[in-house]
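Structure record follows, encoded as structure tokens.
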Amino acid sequence: MGNDRDRDQGCVLDGDGDLDLIFGEADGGICAPAGILAGGIHAGMYPDPERLDLALICAQGDAPCAAGMFTTNTFCAAPVQVSREHVADGRCRAIVLNAGNANAATGELGLEAARATTDLVASALGITADEVLVASTGVIGVPLDLQPIER
């Protein structure tokens with residue numbers, strides 16, 4: 001086993017010297033860190049009104065440092081492309097996530113929708129669009145309808 005310092009940092013070395021990550025649930029979930037707010041709603045991307053399909057995570061105060069891990073696939077979805085561009089400066093104040101439509105394989109329309117999504121969130125929060133990341137999951141190849149997000 002690794003020493004206590006390793007465990008405090010979220011990893012341990014097992015008996016073979018391999019690095020094992022330790023994940024646990026933080027009390028308070030995604031909002032456990034001070035200054036992080038989050039919420040989810042049913043915006044209408046799914047027909048079932050009981051199913052949440054739009055979430056927002058935001059940081060209060062100055063833009064904290066941020067980093068991203070993205071696919072290296074040449075054919076990545078519009079939200080990946082836009083978020084990669086936005087996190088390049090190492091700052092992020094908000095992440096908007098939608099379910100029901102992956103906004104993947106949608107070409108220029110998908111990029112426009114991803115950028116429009118960051119613009120909408122930025123406007124609502126009083127920040128700049130490049131401080132907003134966007135993530136989408138769901139059906140592939142269908143253009144993202146912005147109307148549920150605009151509401």
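In the structure tokens, chains take letters A, B, ... by order of appearance, with residues numbered from 1 within each chain and ligands from 1 in the order shown.
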When you look at Thr74 in chain A with a cut-off of 12 Å (counting only C-alpha atoms), what residues show up, excluding the ones that are within fewer than 5 positions of it in the same chain? I need them as a ChimeraX atom specification. /A:80-81,105
Using only C-alpha atoms, which protein or nucleic acid residues come within 8 Å of range 86-95 of chain A? Drop anything in the same chain fewer than 3 positions from it, and give the result as a PDB file with N, CA, C and O atoms, in the first residue's frame.
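The resulting file, result-v3.pdb, is shown below:
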```pdb
ATOM      1  N   LEU A  56     -27.120  22.556 -15.272  1.00  0.00           N
ATOM      2  CA  LEU A  56     -26.154  23.645 -15.269  1.00  0.00           C
ATOM      3  C   LEU A  56     -25.316  23.535 -14.006  1.00  0.00           C
ATOM      4  O   LEU A  56     -25.858  23.369 -12.907  1.00  0.00           O
ATOM      5  N   ILE A  57     -24.019  23.613 -14.177  1.00  0.00           N
ATOM      6  CA  ILE A  57     -23.085  23.668 -13.068  1.00  0.00           C
ATOM      7  C   ILE A  57     -22.340  24.989 -13.225  1.00  0.00           C
ATOM      8  O   ILE A  57     -21.852  25.299 -14.317  1.00  0.00           O
ATOM      9  N   CYS A  58     -22.278  25.777 -12.172  1.00  0.00           N
ATOM     10  CA  CYS A  58     -21.560  27.040 -12.295  1.00  0.00           C
ATOM     11  C   CYS A  58     -20.762  27.343 -11.036  1.00  0.00           C
ATOM     12  O   CYS A  58     -21.081  26.884  -9.941  1.00  0.00           O
ATOM     13  N   ALA A  59     -19.711  28.119 -11.243  1.00  0.00           N
ATOM     14  CA  ALA A  59     -18.829  28.533 -10.156  1.00  0.00           C
ATOM     15  C   ALA A  59     -19.089  29.999  -9.858  1.00  0.00           C
ATOM     16  O   ALA A  59     -19.161  30.826 -10.772  1.00  0.00           O
ATOM     17  N   GLN A  60     -19.247  30.306  -8.591  1.00  0.00           N
ATOM     18  CA  GLN A  60     -19.435  31.694  -8.182  1.00  0.00           C
ATOM     19  C   GLN A  60     -18.075  32.382  -8.139  1.00  0.00           C
ATOM     20  O   GLN A  60     -17.050  31.751  -7.926  1.00  0.00           O
ATOM     21  N   ASP A  62     -14.708  34.661  -9.337  1.00  0.00           N
ATOM     22  CA  ASP A  62     -13.811  34.669 -10.494  1.00  0.00           C
ATOM     23  C   ASP A  62     -13.719  33.294 -11.120  1.00  0.00           C
ATOM     24  O   ASP A  62     -13.902  32.280 -10.454  1.00  0.00           O
ATOM     25  N   ALA A  63     -13.401  33.283 -12.405  1.00  0.00           N
ATOM     26  CA  ALA A  63     -13.306  32.015 -13.135  1.00  0.00           C
ATOM     27  C   ALA A  63     -12.190  31.154 -12.556  1.00  0.00           C
ATOM     28  O   ALA A  63     -11.032  31.554 -12.557  1.00  0.00           O
ATOM     29  N   PRO A  64     -12.555  30.002 -12.020  1.00  0.00           N
ATOM     30  CA  PRO A  64     -11.522  29.115 -11.493  1.00  0.00           C
ATOM     31  C   PRO A  64     -10.748  28.460 -12.626  1.00  0.00           C
ATOM     32  O   PRO A  64     -11.165  28.491 -13.777  1.00  0.00           O
ATOM     33  N   CYS A  65      -9.612  27.886 -12.273  1.00  0.00           N
ATOM     34  CA  CYS A  65      -8.840  27.200 -13.300  1.00  0.00           C
ATOM     35  C   CYS A  65      -9.599  25.958 -13.743  1.00  0.00           C
ATOM     36  O   CYS A  65     -10.384  25.381 -12.995  1.00  0.00           O
ATOM     37  N   ALA A  66      -9.388  25.573 -14.965  1.00  0.00           N
ATOM     38  CA  ALA A  66     -10.096  24.424 -15.527  1.00  0.00           C
ATOM     39  C   ALA A  66      -9.182  23.688 -16.493  1.00  0.00           C
ATOM     40  O   ALA A  66      -8.258  24.261 -17.057  1.00  0.00           O
ATOM     41  N   ALA A  67      -9.461  22.434 -16.652  1.00  0.00           N
ATOM     42  CA  ALA A  67      -8.758  21.604 -17.627  1.00  0.00           C
ATOM     43  C   ALA A  67      -9.774  20.630 -18.198  1.00  0.00           C
ATOM     44  O   ALA A  67     -10.813  20.379 -17.590  1.00  0.00           O
ATOM     45  N   GLY A  68      -9.496  20.100 -19.340  1.00  0.00           N
ATOM     46  CA  GLY A  68     -10.416  19.156 -19.949  1.00  0.00           C
ATOM     47  C   GLY A  68      -9.677  17.980 -20.552  1.00  0.00           C
ATOM     48  O   GLY A  68      -8.527  18.103 -20.981  1.00  0.00           O
ATOM     49  N   VAL A  82     -16.344  22.762 -29.269  1.00  0.00           N
ATOM     50  CA  VAL A  82     -16.543  24.077 -28.649  1.00  0.00           C
ATOM     51  C   VAL A  82     -15.940  24.097 -27.242  1.00  0.00           C
ATOM     52  O   VAL A  82     -15.240  25.043 -26.868  1.00  0.00           O
ATOM     53  N   SER A  83     -16.169  23.058 -26.472  1.00  0.00           N
ATOM     54  CA  SER A  83     -15.621  23.021 -25.112  1.00  0.00           C
ATOM     55  C   SER A  83     -14.094  22.978 -25.131  1.00  0.00           C
ATOM     56  O   SER A  83     -13.442  23.608 -24.293  1.00  0.00           O
ATOM     57  N   ILE A 127     -21.728  36.321 -17.801  1.00  0.00           N
ATOM     58  CA  ILE A 127     -20.324  35.991 -18.027  1.00  0.00           C
ATOM     59  C   ILE A 127     -20.094  35.935 -19.536  1.00  0.00           C
ATOM     60  O   ILE A 127     -21.015  36.185 -20.314  1.00  0.00           O
ATOM     61  N   ASP A 130     -16.996  32.267 -23.690  1.00  0.00           N
ATOM     62  CA  ASP A 130     -15.810  31.412 -23.634  1.00  0.00           C
ATOM     63  C   ASP A 130     -15.539  30.873 -22.232  1.00  0.00           C
ATOM     64  O   ASP A 130     -14.649  30.045 -22.046  1.00  0.00           O
ATOM     65  N   GLU A 131     -16.341  31.284 -21.247  1.00  0.00           N
ATOM     66  CA  GLU A 131     -16.249  30.732 -19.893  1.00  0.00           C
ATOM     67  C   GLU A 131     -17.246  29.599 -19.673  1.00  0.00           C
ATOM     68  O   GLU A 131     -17.368  29.076 -18.573  1.00  0.00           O
ATOM     69  N   VAL A 132     -17.963  29.221 -20.732  1.00  0.00           N
ATOM     70  CA  VAL A 132     -18.997  28.187 -20.644  1.00  0.00           C
ATOM     71  C   VAL A 132     -18.581  26.981 -21.485  1.00  0.00           C
ATOM     72  O   VAL A 132     -18.211  27.133 -22.649  1.00  0.00           O
ATOM     73  N   LEU A 133     -18.654  25.806 -20.888  1.00  0.00           N
ATOM     74  CA  LEU A 133     -18.449  24.554 -21.618  1.00  0.00           C
ATOM     75  C   LEU A 133     -19.808  23.927 -21.856  1.00  0.00           C
ATOM     76  O   LEU A 133     -20.759  24.202 -21.133  1.00  0.00           O
ATOM     77  N   VAL A 134     -19.886  23.071 -22.871  1.00  0.00           N
ATOM     78  CA  VAL A 134     -21.152  22.440 -23.216  1.00  0.00           C
ATOM     79  C   VAL A 134     -20.930  20.942 -23.415  1.00  0.00           C
ATOM     80  O   VAL A 134     -19.914  20.528 -23.968  1.00  0.00           O
ATOM     81  N   ALA A 135     -21.864  20.156 -22.901  1.00  0.00           N
ATOM     82  CA  ALA A 135     -21.800  18.700 -23.053  1.00  0.00           C
ATOM     83  C   ALA A 135     -23.186  18.194 -23.436  1.00  0.00           C
ATOM     84  O   ALA A 135     -24.193  18.687 -22.920  1.00  0.00           O
TER      85      ALA A 135
END
```
9 Å contact set for Thr137 in chain A, only C-alpha atoms, chain neighbours under 4 positions out, as a PyMOL selection string: chain A and resi 97-104
Would you mind exporting the chosen residues as an mmCIF file, in the first residue's frame, restricted to C-alpha atoms?
```
data_model
loop_
_atom_site.group_PDB
_atom_site.id
_atom_site.type_symbol
_atom_site.label_atom_id
_atom_site.label_comp_id
_atom_site.auth_asym_id
_atom_site.auth_seq_id
_atom_site.Cartn_x
_atom_site.Cartn_y
_atom_site.Cartn_z
ATOM 1 C CA LEU A 97 -25.293 19.660 -20.089
ATOM 2 C CA ASN A 98 -28.195 18.323 -22.097
ATOM 3 C CA ALA A 99 -29.543 14.820 -22.534
ATOM 4 C CA GLY A 100 -31.644 13.545 -25.400
ATOM 5 C CA ASN A 101 -29.551 14.890 -28.269
ATOM 6 C CA ALA A 102 -25.793 14.354 -28.617
ATOM 7 C CA ASN A 103 -25.414 17.155 -31.171
ATOM 8 C CA ALA A 104 -22.948 14.822 -32.913
#
```
Surrounding residues of Ile41 in chain A excluding itself and chain neighbours under 4 positions, 7 Å, only C-alpha atoms, as a compact mmCIF listing (two decimals) with C-alpha atoms, in the first residue's frame:
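Below is the file that was written, part-v5.txt:
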```
# COMPACT_ATOMS: atom_id res chain seq x y z
CA LEU A 52 -34.51 15.73 -16.27
CA ASP A 53 -32.72 16.67 -19.48
CA LEU A 54 -30.88 19.94 -18.89
CA ALA A 55 -28.35 20.72 -16.17
```
Return as a compact mmCIF listing (two decimals) with all heavy atoms, in the first residue's frame the full set of residues in chain A whose backbone-based DSSP assignment is alpha helix (DSSP H).
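Result file is out_29.txt:
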```
# COMPACT_ATOMS: atom_id res chain seq x y z
N ASP A 4 0.10 7.51 3.50
CA ASP A 4 -1.11 8.32 3.72
C ASP A 4 -1.18 9.49 2.75
O ASP A 4 -2.25 9.88 2.32
CB ASP A 4 -1.15 8.84 5.16
CG ASP A 4 -1.46 7.73 6.14
OD1 ASP A 4 -2.07 6.72 5.72
OD2 ASP A 4 -1.09 7.86 7.32
N ARG A 5 -0.04 10.07 2.39
CA ARG A 5 -0.03 11.18 1.45
C ARG A 5 -0.64 10.76 0.11
O ARG A 5 -1.42 11.48 -0.48
CB ARG A 5 1.39 11.69 1.25
CG ARG A 5 1.46 12.89 0.34
CD ARG A 5 2.90 13.44 0.32
NE ARG A 5 3.00 14.41 -0.71
CZ ARG A 5 3.36 14.16 -1.97
NH1 ARG A 5 3.64 12.95 -2.35
NH2 ARG A 5 3.43 15.13 -2.86
N ASP A 6 -0.30 9.55 -0.35
CA ASP A 6 -0.88 9.05 -1.60
C ASP A 6 -2.38 8.93 -1.48
O ASP A 6 -3.12 9.32 -2.36
CB ASP A 6 -0.30 7.69 -1.98
CG ASP A 6 1.15 7.76 -2.41
OD1 ASP A 6 1.56 8.81 -2.91
OD2 ASP A 6 1.87 6.76 -2.21
N ARG A 7 -2.86 8.36 -0.37
CA ARG A 7 -4.29 8.17 -0.18
C ARG A 7 -5.02 9.50 -0.12
O ARG A 7 -6.08 9.64 -0.69
CB ARG A 7 -4.56 7.36 1.09
CG ARG A 7 -4.68 5.88 0.83
CD ARG A 7 -5.20 5.16 2.05
NE ARG A 7 -4.27 5.15 3.15
CZ ARG A 7 -3.16 4.41 3.22
NH1 ARG A 7 -2.83 3.64 2.22
NH2 ARG A 7 -2.38 4.45 4.26
N ASP A 8 -4.43 10.49 0.52
CA ASP A 8 -5.07 11.80 0.62
C ASP A 8 -5.24 12.44 -0.76
O ASP A 8 -6.11 13.27 -0.95
CB ASP A 8 -4.25 12.75 1.51
CG ASP A 8 -4.29 12.35 2.98
OD1 ASP A 8 -5.19 11.57 3.34
OD2 ASP A 8 -3.42 12.79 3.73
N ALA A 78 -19.83 18.41 -31.92
CA ALA A 78 -19.75 19.86 -31.79
C ALA A 78 -19.50 20.31 -30.35
O ALA A 78 -18.66 21.19 -30.12
CB ALA A 78 -21.01 20.51 -32.35
N PRO A 79 -20.20 19.75 -29.34
CA PRO A 79 -19.92 20.19 -27.97
C PRO A 79 -18.47 19.95 -27.55
O PRO A 79 -17.88 20.75 -26.82
CB PRO A 79 -20.88 19.35 -27.12
CG PRO A 79 -22.00 19.02 -28.06
CD PRO A 79 -21.34 18.83 -29.39
N VAL A 80 -17.89 18.86 -28.03
CA VAL A 80 -16.48 18.59 -27.73
C VAL A 80 -15.59 19.66 -28.36
O VAL A 80 -14.69 20.19 -27.70
CB VAL A 80 -16.08 17.18 -28.22
CG1 VAL A 80 -14.58 16.95 -28.08
CG2 VAL A 80 -16.86 16.11 -27.48
N GLN A 81 -15.85 19.98 -29.61
CA GLN A 81 -15.04 20.99 -30.30
C GLN A 81 -15.13 22.35 -29.61
O GLN A 81 -14.12 23.02 -29.38
CB GLN A 81 -15.48 21.11 -31.75
CG GLN A 81 -15.21 19.85 -32.57
CD GLN A 81 -15.76 19.98 -33.98
OE1 GLN A 81 -15.43 20.94 -34.69
NE2 GLN A 81 -16.59 19.04 -34.39
N VAL A 82 -16.34 22.76 -29.27
CA VAL A 82 -16.54 24.08 -28.65
C VAL A 82 -15.94 24.10 -27.24
O VAL A 82 -15.24 25.04 -26.87
CB VAL A 82 -18.04 24.45 -28.64
CG1 VAL A 82 -18.29 25.68 -27.79
CG2 VAL A 82 -18.53 24.66 -30.06
N SER A 83 -16.17 23.06 -26.47
CA SER A 83 -15.62 23.02 -25.11
C SER A 83 -14.09 22.98 -25.13
O SER A 83 -13.44 23.61 -24.29
CB SER A 83 -16.18 21.82 -24.34
OG SER A 83 -17.56 22.01 -24.11
N ARG A 84 -13.53 22.26 -26.08
CA ARG A 84 -12.06 22.22 -26.21
C ARG A 84 -11.52 23.62 -26.47
O ARG A 84 -10.53 24.04 -25.88
CB ARG A 84 -11.67 21.26 -27.33
CG ARG A 84 -10.16 21.09 -27.47
CD ARG A 84 -9.80 20.25 -28.68
NE ARG A 84 -10.17 18.87 -28.48
CZ ARG A 84 -10.64 18.07 -29.43
NH1 ARG A 84 -10.82 18.51 -30.66
NH2 ARG A 84 -10.93 16.81 -29.18
N GLU A 85 -12.20 24.37 -27.36
CA GLU A 85 -11.79 25.75 -27.64
C GLU A 85 -11.90 26.62 -26.39
O GLU A 85 -10.99 27.41 -26.09
CB GLU A 85 -12.68 26.36 -28.73
CG GLU A 85 -12.54 25.77 -30.10
CD GLU A 85 -13.65 26.21 -31.05
OE1 GLU A 85 -14.50 27.06 -30.66
OE2 GLU A 85 -13.69 25.69 -32.18
N HIS A 86 -13.00 26.49 -25.67
CA HIS A 86 -13.27 27.36 -24.53
C HIS A 86 -12.36 27.09 -23.34
O HIS A 86 -12.01 28.00 -22.60
CB HIS A 86 -14.73 27.26 -24.12
CG HIS A 86 -15.65 27.93 -25.09
ND1 HIS A 86 -16.94 28.27 -24.76
CD2 HIS A 86 -15.49 28.34 -26.38
CE1 HIS A 86 -17.53 28.85 -25.80
NE2 HIS A 86 -16.67 28.89 -26.79
N VAL A 87 -11.99 25.85 -23.12
CA VAL A 87 -11.17 25.53 -21.95
C VAL A 87 -9.68 25.74 -22.23
O VAL A 87 -8.86 25.68 -21.30
CB VAL A 87 -11.45 24.08 -21.46
CG1 VAL A 87 -10.70 23.06 -22.29
CG2 VAL A 87 -11.13 23.92 -19.99
N GLY A 107 -22.48 18.58 -38.25
CA GLY A 107 -21.76 19.56 -39.07
C GLY A 107 -21.79 20.97 -38.51
O GLY A 107 -21.79 21.19 -37.30
N GLU A 108 -21.85 21.92 -39.43
CA GLU A 108 -21.82 23.33 -39.05
C GLU A 108 -23.04 23.72 -38.20
O GLU A 108 -22.93 24.54 -37.30
CB GLU A 108 -21.74 24.21 -40.31
CG GLU A 108 -21.45 25.67 -40.01
CD GLU A 108 -20.14 25.92 -39.25
OE1 GLU A 108 -19.15 25.23 -39.52
OE2 GLU A 108 -20.15 26.81 -38.37
N LEU A 109 -24.20 23.11 -38.48
CA LEU A 109 -25.40 23.38 -37.67
C LEU A 109 -25.15 23.01 -36.21
O LEU A 109 -25.59 23.70 -35.29
CB LEU A 109 -26.61 22.60 -38.19
CG LEU A 109 -27.27 23.12 -39.45
CD1 LEU A 109 -28.39 22.18 -39.89
CD2 LEU A 109 -27.82 24.52 -39.21
N GLY A 110 -24.45 21.91 -36.00
CA GLY A 110 -24.14 21.47 -34.64
C GLY A 110 -23.21 22.44 -33.94
O GLY A 110 -23.40 22.76 -32.76
N LEU A 111 -22.20 22.92 -34.65
CA LEU A 111 -21.28 23.92 -34.06
C LEU A 111 -22.02 25.20 -33.72
O LEU A 111 -21.82 25.79 -32.64
CB LEU A 111 -20.12 24.21 -35.02
CG LEU A 111 -19.08 23.11 -35.15
CD1 LEU A 111 -18.14 23.39 -36.32
CD2 LEU A 111 -18.30 22.98 -33.85
N GLU A 112 -22.90 25.63 -34.62
CA GLU A 112 -23.70 26.84 -34.36
C GLU A 112 -24.57 26.64 -33.12
O GLU A 112 -24.70 27.55 -32.29
CB GLU A 112 -24.55 27.19 -35.57
CG GLU A 112 -23.75 27.69 -36.75
CD GLU A 112 -24.58 27.86 -38.02
OE1 GLU A 112 -25.83 27.79 -37.95
OE2 GLU A 112 -23.97 28.05 -39.10
N ALA A 113 -25.18 25.47 -32.99
CA ALA A 113 -26.04 25.19 -31.84
C ALA A 113 -25.24 25.14 -30.54
O ALA A 113 -25.67 25.66 -29.50
CB ALA A 113 -26.80 23.89 -32.04
N ALA A 114 -24.07 24.52 -30.58
CA ALA A 114 -23.23 24.45 -29.38
C ALA A 114 -22.78 25.85 -28.96
O ALA A 114 -22.82 26.20 -27.77
CB ALA A 114 -22.03 23.55 -29.63
N ARG A 115 -22.39 26.66 -29.93
CA ARG A 115 -21.98 28.04 -29.60
C ARG A 115 -23.16 28.87 -29.12
O ARG A 115 -23.03 29.68 -28.19
CB ARG A 115 -21.31 28.67 -30.82
CG ARG A 115 -19.95 28.07 -31.10
CD ARG A 115 -19.17 28.81 -32.19
NE ARG A 115 -17.87 28.19 -32.35
CZ ARG A 115 -17.52 27.46 -33.40
NH1 ARG A 115 -18.35 27.30 -34.41
NH2 ARG A 115 -16.32 26.92 -33.47
N ALA A 116 -24.32 28.68 -29.72
CA ALA A 116 -25.52 29.41 -29.28
C ALA A 116 -25.88 29.01 -27.85
O ALA A 116 -26.31 29.85 -27.06
CB ALA A 116 -26.68 29.13 -30.23
N THR A 117 -25.70 27.74 -27.53
CA THR A 117 -25.97 27.29 -26.16
C THR A 117 -25.06 27.99 -25.17
O THR A 117 -25.52 28.47 -24.12
CB THR A 117 -25.78 25.75 -26.07
OG1 THR A 117 -26.69 25.12 -26.97
CG2 THR A 117 -26.04 25.25 -24.67
N THR A 118 -23.77 28.09 -25.49
CA THR A 118 -22.86 28.79 -24.57
C THR A 118 -23.20 30.28 -24.49
O THR A 118 -23.09 30.88 -23.43
CB THR A 118 -21.38 28.58 -24.95
OG1 THR A 118 -21.10 29.16 -26.22
CG2 THR A 118 -21.01 27.11 -24.95
N ASP A 119 -23.65 30.85 -25.60
CA ASP A 119 -24.06 32.26 -25.59
C ASP A 119 -25.27 32.47 -24.67
O ASP A 119 -25.31 33.44 -23.89
CB ASP A 119 -24.42 32.74 -27.00
CG ASP A 119 -23.23 32.89 -27.92
OD1 ASP A 119 -22.08 32.96 -27.42
OD2 ASP A 119 -23.44 32.91 -29.15
N LEU A 120 -26.27 31.58 -24.76
CA LEU A 120 -27.46 31.69 -23.92
C LEU A 120 -27.13 31.61 -22.44
O LEU A 120 -27.60 32.40 -21.62
CB LEU A 120 -28.46 30.59 -24.28
CG LEU A 120 -29.18 30.72 -25.62
CD1 LEU A 120 -29.85 29.40 -26.00
CD2 LEU A 120 -30.22 31.84 -25.53
N VAL A 121 -26.30 30.63 -22.09
CA VAL A 121 -25.93 30.46 -20.68
C VAL A 121 -25.10 31.65 -20.20
O VAL A 121 -25.33 32.18 -19.11
CB VAL A 121 -25.16 29.13 -20.48
CG1 VAL A 121 -24.57 29.03 -19.09
CG2 VAL A 121 -26.09 27.95 -20.75
N ALA A 122 -24.17 32.08 -21.01
CA ALA A 122 -23.33 33.22 -20.63
C ALA A 122 -24.18 34.47 -20.39
O ALA A 122 -23.98 35.19 -19.41
CB ALA A 122 -22.29 33.49 -21.72
N SER A 123 -25.13 34.70 -21.27
CA SER A 123 -26.01 35.85 -21.13
C SER A 123 -26.82 35.78 -19.83
O SER A 123 -26.96 36.76 -19.11
CB SER A 123 -26.93 35.94 -22.34
OG SER A 123 -27.84 37.00 -22.20
N ALA A 124 -27.34 34.60 -19.54
CA ALA A 124 -28.15 34.42 -18.33
C ALA A 124 -27.33 34.60 -17.07
O ALA A 124 -27.84 35.08 -16.05
CB ALA A 124 -28.81 33.04 -18.34
N LEU A 125 -26.05 34.23 -17.11
CA LEU A 125 -25.20 34.30 -15.92
C LEU A 125 -24.37 35.58 -15.85
O LEU A 125 -23.70 35.82 -14.84
CB LEU A 125 -24.25 33.09 -15.87
CG LEU A 125 -24.91 31.72 -15.73
CD1 LEU A 125 -23.85 30.62 -15.78
CD2 LEU A 125 -25.72 31.64 -14.45
N GLN A 147 -34.75 25.45 -28.79
CA GLN A 147 -35.94 25.98 -28.12
C GLN A 147 -36.05 25.54 -26.65
O GLN A 147 -36.32 26.38 -25.79
CB GLN A 147 -37.20 25.61 -28.88
CG GLN A 147 -38.42 26.34 -28.39
CD GLN A 147 -39.63 26.10 -29.29
OE1 GLN A 147 -39.71 25.08 -29.96
NE2 GLN A 147 -40.55 27.03 -29.28
N PRO A 148 -35.83 24.26 -26.30
CA PRO A 148 -35.91 23.89 -24.88
C PRO A 148 -34.87 24.61 -24.02
O PRO A 148 -35.13 24.94 -22.87
CB PRO A 148 -35.66 22.39 -24.89
CG PRO A 148 -36.03 21.95 -26.26
CD PRO A 148 -35.67 23.09 -27.15
N ILE A 149 -33.72 24.90 -24.59
CA ILE A 149 -32.66 25.58 -23.85
C ILE A 149 -32.99 27.06 -23.71
O ILE A 149 -32.72 27.68 -22.68
CB ILE A 149 -31.30 25.36 -24.53
CG1 ILE A 149 -30.97 23.87 -24.57
CG2 ILE A 149 -30.19 26.14 -23.82
CD1 ILE A 149 -29.81 23.50 -25.45
N GLU A 150 -33.57 27.64 -24.74
CA GLU A 150 -33.91 29.06 -24.74
C GLU A 150 -34.97 29.40 -23.69
O GLU A 150 -35.02 30.53 -23.22
CB GLU A 150 -34.39 29.49 -26.12
CG GLU A 150 -33.28 29.50 -27.15
CD GLU A 150 -33.77 29.68 -28.58
OE1 GLU A 150 -34.95 29.37 -28.85
OE2 GLU A 150 -32.98 30.15 -29.40
```
From a DSSP calculation on the backbone, collect every residue of chain A in strand (DSSP E or B) and output the set as a ChimeraX atom specification. /A:11-13,19-21,36-41,54-59,65,91,94-101,132-139
I need the chosen residues saved as a short mmCIF file (atom, residue, chain, number, x, y, z; two decimals), in the first residue's frame, with C-alpha atoms.
```cif
data_model
loop_
_atom_site.label_atom_id
_atom_site.label_comp_id
_atom_site.auth_asym_id
_atom_site.auth_seq_id
_atom_site.Cartn_x
_atom_site.Cartn_y
_atom_site.Cartn_z
CA CYS A 11 -4.61 7.32 -5.26
CA VAL A 12 -2.68 4.41 -3.76
CA LEU A 13 0.09 2.20 -5.00
CA LEU A 19 -1.40 3.13 -9.30
CA ASP A 20 -5.02 2.61 -8.24
CA LEU A 21 -7.39 5.56 -8.11
CA ILE A 36 -20.19 25.54 -6.88
CA LEU A 37 -23.90 25.61 -7.71
CA ALA A 38 -25.80 23.09 -9.83
CA GLY A 39 -29.30 22.26 -10.89
CA GLY A 40 -31.25 20.19 -13.35
CA ILE A 41 -34.65 20.59 -15.00
CA LEU A 54 -30.88 19.94 -18.89
CA ALA A 55 -28.35 20.72 -16.17
CA LEU A 56 -26.15 23.65 -15.27
CA ILE A 57 -23.08 23.67 -13.07
CA CYS A 58 -21.56 27.04 -12.29
CA ALA A 59 -18.83 28.53 -10.16
CA CYS A 65 -8.84 27.20 -13.30
CA ARG A 91 -10.78 29.03 -17.29
CA ALA A 94 -20.14 27.13 -16.13
CA ILE A 95 -20.95 23.84 -17.80
CA VAL A 96 -24.33 23.27 -19.46
CA LEU A 97 -25.29 19.66 -20.09
CA ASN A 98 -28.20 18.32 -22.10
CA ALA A 99 -29.54 14.82 -22.53
CA GLY A 100 -31.64 13.54 -25.40
CA ASN A 101 -29.55 14.89 -28.27
CA VAL A 132 -19.00 28.19 -20.64
CA LEU A 133 -18.45 24.55 -21.62
CA VAL A 134 -21.15 22.44 -23.22
CA ALA A 135 -21.80 18.70 -23.05
CA SER A 136 -24.49 16.72 -24.83
CA THR A 137 -25.58 13.10 -24.83
CA GLY A 138 -28.31 11.30 -26.70
CA VAL A 139 -29.37 10.74 -30.29
#
```
Could you tell me how far CA of Leu144 in chain A sits from CA of Asp48 in chain A, in Å to one decimal place?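 Spanning CA of Asp48 in chain A to CA of Leu144 in chain A is a straight-line distance of 17.9 Å.
The coordinates place CA of Thr106 in chain A at 10.3 Å from CA of Cys76 in chain A.
Computed from the coordinates, the CA of His42 in chain A to CA of Arg151 in chain A distance equals 10.9 Å.
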Considering only C-alpha atoms, state which residue in the set A:Pro49, A:Gly44, A:Gly29, A:Gly61 is at the smallest distance from Leu146 in chain A. A:Gly44
